[in-house]
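Working notes, beginning with the structure itself.
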Amino acid sequence: YEMSASLVGSEMCIRDRCYFGIPRNPSIEPDFPEAPLELKTFGYWETKRADQRLALSAIDYMDYQKKVSFEESHLYEKCHNMLFVIYLLQTGQLRIESEIKYIRLYEFEKIVASDMEQIKRDYYIIAKKIMEGKASELSEGDTEFLGAARRGDKNSKMQDAPKGDKALPRRFAFKQSYMSYLVREYIVPEKDFSQTIYPVSYTHLRAHETSAHL
């Protein structure tokens, strides 16, 4: 059952309001600032494949006129503790009608060390490119787990970036392949995110993601 991105977003917003009484939150603060805790909802199929990438936080290019460490970033401030509400998708069923199967706490400081190291590497690759005046050259292919995903379409308003560059709006997001890995190896088996499963390469993740579509 195919749905437009805007409808998916609005249905997830409804779910947030229904279950937690909060509106969609575009600010740099997490949804529950006192906790602090950011709410994230996403779906997966019976094949244990996540339905899409997981949007995290908008990228403000001008923040990167100078070096910003991962721990000082808006991404970290908003998303270092996330409550995952995970629902099972069924063909022909509206997302808002999907059954919630898992609720999991995902904390940057408590996930397996190799995953955290890769997420940080990805962040610095993105940040360095922006700082060098190459925001307009960003591609999700630059990184492995954490990507700089496009927001809107090619007709969206260009945003100012360092060194006189201008670029289409982007946001930090966990790639669909990484989300599928979390679903397959941690969420459905109900394993702790700090548990080492086996060495994971990006090639392995992409190969599994490709085979899931065949």
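Every chain in the structure tokens takes a letter, A first, then B, and so on in the order presented; its residues are numbered from 1, and the ligands are numbered from 1 following the presented order.
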What are the DSSP helix (DSSP H, G or I) residues of region 17-184 of chain A, as a PyMOL selection string? chain A and resi 17-20+61-65+70-72+74-79+95-97+108-110+113-131+135-137+140-142+162-164+176-184
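Those residues that approach Lys129 (chain A) to within 12 Å, counting only C-alpha atoms, are Tyr61, Tyr64, Gln65, Lys66, Lys67, Asp122, Tyr123, Tyr124, Ile125, Ile126, Glu132, Gly133, Lys134, Ala135, Ser136, Glu137, Leu138, Ser139, Asp142, Thr143, Ala148, Ala161, Pro162, Lys163, Asp165 and Ala167 of chain A; same-chain residues fewer than 3 positions away are not listed.
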To one decimal place, how far is CA of Arg170 (chain A) from CA of Ala58 (chain A) in Å? 6.4 Å
Write out as a compact mmCIF listing (two decimals) with N, CA and C atoms, in the first residue's frame the residues lying within 10 Å of Asp153 (chain A), counting only C-alpha atoms and excluding same-chain residues fewer than 4 positions away.
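Contents of the output file around32.txt:
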```
# COMPACT_ATOMS: atom_id res chain seq x y z
N LYS A 157 13.39 25.89 -1.75
CA LYS A 157 14.21 27.10 -1.67
C LYS A 157 15.62 26.75 -1.22
N LEU A 168 20.21 22.85 -1.32
CA LEU A 168 18.85 22.45 -0.98
C LEU A 168 18.81 22.00 0.49
N PRO A 169 17.67 22.18 1.16
CA PRO A 169 17.58 21.81 2.58
C PRO A 169 17.78 20.31 2.79
```
I'd like the contact shell of Ser180 (chain A) - 7 Å cut-off, only C-alpha atoms, skipping same-chain residues fewer than 6 positions apart - returned as a VMD selection string. chain A and resid 48 to 50
Please identify all polymer residues within 10 Å of Met116 (chain A), counting only C-alpha atoms, omitting same-chain residues fewer than 6 positions from it, and present them as a list of chain:residue names. A:Glu107, A:Phe108, A:Glu109, A:Lys110, A:Asp122, A:Phe145
Between region 110-202 of chain A and region 86-97 of chain A, at 12 Å or less, what are the per-residue closest atom pairs and their distances in Å? Count only C-alpha atoms, order by chain and rising residue number, and return it as CSV.
```
residue,atom,partner,partner_atom,distance
A:Met179,CA,A:Ile86,CA,11.1
A:Ser180,CA,A:Ile86,CA,11.9
A:Leu182,CA,A:Ile86,CA,11.3
A:Val183,CA,A:Ile86,CA,9.1
A:Ile187,CA,A:Ile86,CA,8.8
A:Val188,CA,A:Ile86,CA,10.0
```
Residues just named, written with N, CA and C atoms as an mmCIF file, in the first residue's frame:
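Produced file part.cif, reproduced below:
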```cif
data_model
loop_
_atom_site.group_PDB
_atom_site.id
_atom_site.type_symbol
_atom_site.label_atom_id
_atom_site.label_comp_id
_atom_site.auth_asym_id
_atom_site.auth_seq_id
_atom_site.Cartn_x
_atom_site.Cartn_y
_atom_site.Cartn_z
ATOM 1 N N MET A 179 18.303 1.259 9.776
ATOM 2 C CA MET A 179 17.065 1.006 10.512
ATOM 3 C C MET A 179 16.629 -0.452 10.339
ATOM 4 N N SER A 180 16.782 -1.000 9.145
ATOM 5 C CA SER A 180 16.441 -2.415 8.914
ATOM 6 C C SER A 180 17.333 -3.325 9.745
ATOM 7 N N LEU A 182 18.666 -2.513 12.645
ATOM 8 C CA LEU A 182 18.187 -2.424 14.033
ATOM 9 C C LEU A 182 16.942 -3.283 14.236
ATOM 10 N N VAL A 183 16.029 -3.231 13.266
ATOM 11 C CA VAL A 183 14.800 -4.035 13.375
ATOM 12 C C VAL A 183 15.145 -5.523 13.397
ATOM 13 N N ILE A 187 15.543 -5.142 17.490
ATOM 14 C CA ILE A 187 14.173 -4.825 17.909
ATOM 15 C C ILE A 187 13.286 -6.064 17.926
ATOM 16 N N VAL A 188 13.198 -6.783 16.810
ATOM 17 C CA VAL A 188 12.359 -7.984 16.787
ATOM 18 C C VAL A 188 12.886 -9.069 17.729
#
```
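Here CA of Asp115 (chain A) and CA of Leu75 (chain A) stand 16.1 Å from one another.
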What separation in Å, quoted to one decimal, exists between CA of Glu140 (chain A) and CA of Asp60 (chain A)? 16.7 Å
Out of A:Asp31, A:Asp63, A:Ile111, A:Asp160, which residue has the shortest atom-to-atom distance to Thr196 (chain A) when counting only C-alpha atoms? A:Ile111
Where does DSSP see strand (DSSP E or B) in region 34-203 of chain A, if you list the residues as a ChimeraX atom specification? /A:37-44,50,54-58,81-88,99-107,146-150,159-160,166-167,170-174
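Nearest-residue note for Trp45 (chain A): choosing from A:Glu99, A:Ile197, A:Ser57, A:Ser69, the minimum distance belongs to A:Glu99, counting only C-alpha atoms.
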Here is a test: counting only C-alpha atoms, which residue of A:Arg53, A:Arg104, A:Lys128, A:Lys166 is nearest to Leu146 (chain A)? A:Arg53
Tell me which protein, DNA and RNA residues are within 9 Å of Leu39 (chain A), counting only C-alpha atoms, leaving out same-chain ones fewer than 4 positions away, and put them as a PDB file with C-alpha atoms, in the first residue's frame.
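Result saved to selection.pdb:
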```
ATOM      1  CA  ASP A  16       2.110  11.376  18.322  1.00  0.00           C
ATOM      2  CA  PRO A  30      13.612  17.001  22.204  1.00  0.00           C
ATOM      3  CA  ASP A  31       9.874  16.322  22.443  1.00  0.00           C
ATOM      4  CA  PHE A  32      10.147  15.707  26.184  1.00  0.00           C
ATOM      5  CA  CYS A  79      18.273  12.966  19.604  1.00  0.00           C
ATOM      6  CA  ASN A  81      17.920   9.777  23.865  1.00  0.00           C
ATOM      7  CA  MET A  82      15.106   8.519  21.613  1.00  0.00           C
ATOM      8  CA  LEU A  83      11.936   6.597  22.373  1.00  0.00           C
ATOM      9  CA  PHE A  84      11.208   4.349  19.407  1.00  0.00           C
ATOM     10  CA  VAL A  85       7.536   3.481  18.868  1.00  0.00           C
TER      11      VAL A  85
END
```
